Amino acid sequence: HYFIQSNLRQMALLKVLLILSVTLCAISIKTIEDLEAENKVSKIVRLPYDEETEILTIKTEGDRLGQVQTLKLEDCISEEMYSNAKLKEYDDESDVLCGFYAFQANKKEGNGVGSYSSAEESAMRLQYFSESVKLVQEVNSQFDKGEITWTAEINFFSDMSPEEKYPYSHGIRMPGDLVGLDEETDRPRVMGMGMGMGSPSIFGDQKEKEDKVSKIVRLPEADEREILTIKTEGDMLGQVRTLKLEDCVDEEMYGNEKLKEYKDESDVLCGFYAFQANKKAESGVGAYSSAEESAMRLKYFSENVKSVQETNALFDKGEITWTAGINFFADMSPEEKYPYSHGLRFPEDDDWDEELWGPRLGASAGGAVPEPKERESEEVRMGRIMRLPKALEDEMVTSGEGAFSLKDCLDEEMYSNDNLKEFRTHRDMLCGFYAFQANKQEGNGIEKYESALESAKRLTIFARSVAEVLRINARYEKGEISWTAGINKFADMTEEELYHRAGHKDDEDYMILGGGGRGMKLGGGRMVVPPEGDEETVEEKVKKIVRLSEAEESEVMNADNDDDEEASHFKTIVIEDCVDKSVYSYKNLPSIDSGEEFLCAFYAFQANKKTGVGAYSDSEEAGERLGYFTQCVKNVQERNAQYEQGEITYTSAVNFFCDMSDDEKYPYSHGIRRGKVALMEPPVQSEEDKVARIVRLSEAEESEIMNADNDDDEEASHFKTIVIEDCVDESKSVYENENLKNINTSDEYLCAFYAFQANKMLGVGVKGYQDSEEAAERFSLFTKCVESVQETNREFEEGKITHTAAVNFFCDMTAKEKYPYSHGIRSDIAEEMSVFGVSPADLKSHKEKMSKVVRLGMEDEQALLSSDKSDEDLGMVNLESCVDSEIYDYDNIEDIVLNRDYVCAYYAFQANKVMGTGLGQYKGAKESKKRYHLFSDCVDRVKEMNRKYENGETTYSGEVNFFCDMTEDERKVYSHGINNVVGKDKKNRLMVMVNVYPEEVFEDHPIGNGGF
């Protein structure tokens, strides 16, 4: 009995303990939930009681009219309260208020505006939040109706003022506001927002207002009294208004809305004092040094107020598409503003680069307002001028009338916008250029030139700048644009110098990597047109396509459908319609807009792949690649839209980089210097691994190359053999630019070639060679590449050119192998481009070239040939001997002497025409005769030009190009959208530019109005 009772007591105790433990567990869980809720509630700063009551008061007719709703904060802490689904259910202000409190409750530290400082600030933030709610509702309503293809949602910008949002916009920074990036979130940090520093200053206390007042430097008493004196007729005429500085410290006093209310000078003065009160320490002109300076600054400020008012009035009338506002330039003189213009943009003051823009001006630089500089003497200004070579200067001077004096070319006005319009001759341009040099300031731009030859080079650049300024200003005067340009310190800089000074580095010629910005230089920076191959059938192309999963494909195809679209109307793709590369051609690319169109283009892209990323492994990878492709297409569309609007002078196209990630694109720029770019580090390989990758030449070939430079009496025992391990040592950098200069003998070239093989990146360029025979062929290609790179870098160091080259993965490729890497890239440079001097026509057979030639009529050809008065009858021109483009290149053009030579060169010119460049094939012998005379005249002009260049009379040479068979009218078409049509021979000599100077500017241009 005792045993049973004891066990019953134990069981009862266990039961109690079990119940207690479950209860405690439940209590514990509930406590965690409560703590989370309490934490969220604690973050909420409620509105002032009166304002919250007003919002919660029921205003709709009915029994409850006038009653105040009860709001429990615990019900307003879930993120769902301001989700897109919940926004659709909002009926009145009370719903918005609950969403606003939930928004506060879920704020993340460091994101956006921090916790509010007061109930008053909370009330103001609710206004911004309410506006954001309305905007999101409107956007999502449009999306639901199918009017747009994107949605919006509440995010951490939703309680910000427009000014607070401003610094977050990509590429735009508000001077003085941005203080760097948050280390944890990588987001911009703004004073007073999400930095543990409280809220923005506009919510500060009386002390803050006093601080602002203390920054104001008032005008002299007499000047201020004059401004405040009432000058309008009436009872108050002659009385002086009272101005309280405390009323003139708010930024709103010079906001665009307030500017519309300005009635007289007193309003401008109050705005000016508010402008001073809100100055940032490091932005623009600092605190004024005196009342007199303040009066002077008021004049500049007043002019800016008028300008902003006029601009915004035009915007309000719909005459222009942009507005203006008072900013930190508003109290600057024109001279002080000048250094900020970098081309046509304003650098941020806190990024000031004294080397690039010169020293700061004004008191912000630590001193008072700069005193006007005394005019420099003629001797000082003349001493800055580096004159052109005498022959060239004499030639330019003779284009004008009267005596030429350097003293007449010292005034800055010589290159002012008004005077640029008056440029008519070379003398005018020369005089403007000398004046430009004479007024150069130390530390601003290119300083004094080193030689007369450099001066001639800089004149060419200066002339281009003049032409560009004239073109822009002509568009302004026609009302096509709303801004002007002018000659500044950058006017004699090359593109490379401008780019490098802005903190970048890039090569002169580049290709677009997947539409994603500046890319890589291809060998010599030149590209070729695709070799024509057998076209694949539709069926073969379809087999290459890896489609998305059925669900993903359906989602993409119908992403733009209306929500009420019936299932039977859902779109499906016809894959056979998406295999032609014309789907993503330059012509059709702008029309790609919807999800289904991007998908069709993506499938066509796969169907026409030749290189780059191989076939995708599955539908999942295809989905990922579609994302890269879509972004690439959008980038290309944007760039081509800029070209069509005349904002840039090159186009882009979809190419084989378009489905690559950034890491996959990287290796294609291997060996090219591109500036500060986060590059993917190649994997580390052992010396043994590298040696194993090398395919050596045969023993006999290797021995012959190693000892090719030996003396003839060298004994066999002294013959050199290669130590392969010495050619893969990374520390020696065998073919890096510095060591490249020292590669001179055949054994050094071979060692560099083996190092090149050893350091090849997997999957990039030509794969491992099959045998020693192929290695020998590749060695020959590599040697030519190294010689080309060496020559380019020598000319760079001698100052003849402005770019360098490097050994890269193209160095062992044939011309045909290089071709696909330029696939899809077009250039506005009207000369056909090539890789290492190989033109597109060189890839075609003699038979194909000959088929393009339209010969002269038999009688016409015979008449030309008979006039050579040759002792023997050579018969008609043998077409097979007249298809090589070298016949009329720079080195051989002087050999064109007899009519037979001219006819042969003319046929070779036709044979090497590139489809889509210049004139097409001639219609018959009659047209061919007409074109022949144009061509022969062009050859004569080029020969004459090159003779002058060789004699040192000029600093430019010419070459035969695709303009040579055109009439003057036909050539004019090519000046549209093309500013610098430049050709270069194999030695990178500067060639003649087409239409660099507008017709009306240079009537006596050396090559005439027609150009080449």
# chains A, B, ... in the order shown; residues from 1 in each chain; ligands from 1
$ residues_around --residues "Ser780 of chain A" --least-positions-apart "2" --cutoff "10 Å" --atoms "only C-alpha atoms" --output "VMD selection string"
chain A and resid 749 to 750 753 775 to 778 782 to 785 811 to 812
$ residues_around --residues "Ala863 of chain A" --least-positions-apart "5" --cutoff "12 Å" --atoms "only C-alpha atoms" --output "PyMOL selection string"
chain A and resi 856-858+868-869+875-876+899-900+903+929
$ residues_around --residues "Ser122 of chain A" --least-positions-apart "4" --cutoff "12 Å" --atoms "only C-alpha atoms" --output "list in words"
Lys43, Ile44, Val45, Arg46, Leu47, Pro48, Tyr49, Glu51, Glu52, Leu97, Phe100, Tyr101, Phe103, Gln104, Val113, Gly114, Ser115, Tyr116, Ser117, Ser118, Leu126, Gln127, Tyr128, Phe129, Asp159, Met160, Ser199 and Phe203 of chain A
$ residues_around --residues "Lys720 of chain A" --least-positions-apart "4" --cutoff "12 Å" --atoms "only C-alpha atoms" --output "ChimeraX atom specification"
/A:702-710,714-716,746-748
$ closest_residue --among "A:Lys930, A:Asn608, A:Ser416, A:Asp577" --to "Glu536 of chain A" --atoms "only C-alpha atoms"
A:Asn608
$ residues_around --residues "Ala551 of chain A" --least-positions-apart "6" --cutoff "12 Å" --atoms "only C-alpha atoms" --output "PDB file with N, CA, C and O atoms, in the first residue's frame"
ATOM      1  N   MET A 557       7.581  35.406 -71.286  1.00  0.00           N
ATOM      2  CA  MET A 557       6.755  35.713 -72.463  1.00  0.00           C
ATOM      3  C   MET A 557       5.513  36.514 -72.093  1.00  0.00           C
ATOM      4  O   MET A 557       5.005  37.306 -72.896  1.00  0.00           O
ATOM      5  N   ASN A 558       5.023  36.321 -70.893  1.00  0.00           N
ATOM      6  CA  ASN A 558       3.744  36.946 -70.528  1.00  0.00           C
ATOM      7  C   ASN A 558       3.882  37.968 -69.404  1.00  0.00           C
ATOM      8  O   ASN A 558       2.895  38.367 -68.791  1.00  0.00           O
ATOM      9  N   ALA A 559       5.139  38.394 -69.165  1.00  0.00           N
ATOM     10  CA  ALA A 559       5.375  39.346 -68.081  1.00  0.00           C
ATOM     11  C   ALA A 559       4.657  40.664 -68.303  1.00  0.00           C
ATOM     12  O   ALA A 559       4.289  41.350 -67.357  1.00  0.00           O
ATOM     13  N   THR A 572       3.199  32.122 -76.455  1.00  0.00           N
ATOM     14  CA  THR A 572       4.278  31.133 -76.483  1.00  0.00           C
ATOM     15  C   THR A 572       5.215  31.516 -77.620  1.00  0.00           C
ATOM     16  O   THR A 572       4.822  32.190 -78.566  1.00  0.00           O
ATOM     17  N   SER A 619      18.958  24.649 -68.579  1.00  0.00           N
ATOM     18  CA  SER A 619      18.022  25.778 -68.605  1.00  0.00           C
ATOM     19  C   SER A 619      18.312  26.771 -67.489  1.00  0.00           C
ATOM     20  O   SER A 619      18.046  27.970 -67.621  1.00  0.00           O
ATOM     21  N   GLU A 620      18.868  26.280 -66.392  1.00  0.00           N
ATOM     22  CA  GLU A 620      19.182  27.173 -65.272  1.00  0.00           C
ATOM     23  C   GLU A 620      20.274  28.165 -65.671  1.00  0.00           C
ATOM     24  O   GLU A 620      20.178  29.366 -65.400  1.00  0.00           O
ATOM     25  N   GLY A 623      18.897  30.749 -68.016  1.00  0.00           N
ATOM     26  CA  GLY A 623      18.192  31.824 -67.315  1.00  0.00           C
ATOM     27  C   GLY A 623      19.137  32.879 -66.787  1.00  0.00           C
ATOM     28  O   GLY A 623      18.869  34.079 -66.864  1.00  0.00           O
TER      29      GLY A 623
END
$ residues_around --residues "Lys489 of chain A" --least-positions-apart "5" --cutoff "9 Å" --atoms "only C-alpha atoms" --output "PyMOL selection string"
chain A and resi 436+440-441+444-446
$ write_last_selection --atoms "C-alpha atoms" --output "compact mmCIF listing (two decimals), in the first residue's frame"
# COMPACT_ATOMS: atom_id res chain seq x y z
CA PHE A 436 45.83 80.73 -76.62
CA LYS A 440 48.35 80.01 -70.62
CA GLN A 441 48.64 80.05 -66.83
CA ASN A 444 46.55 75.05 -65.97
CA GLY A 445 46.54 72.46 -68.73
CA ILE A 446 49.54 71.76 -71.00
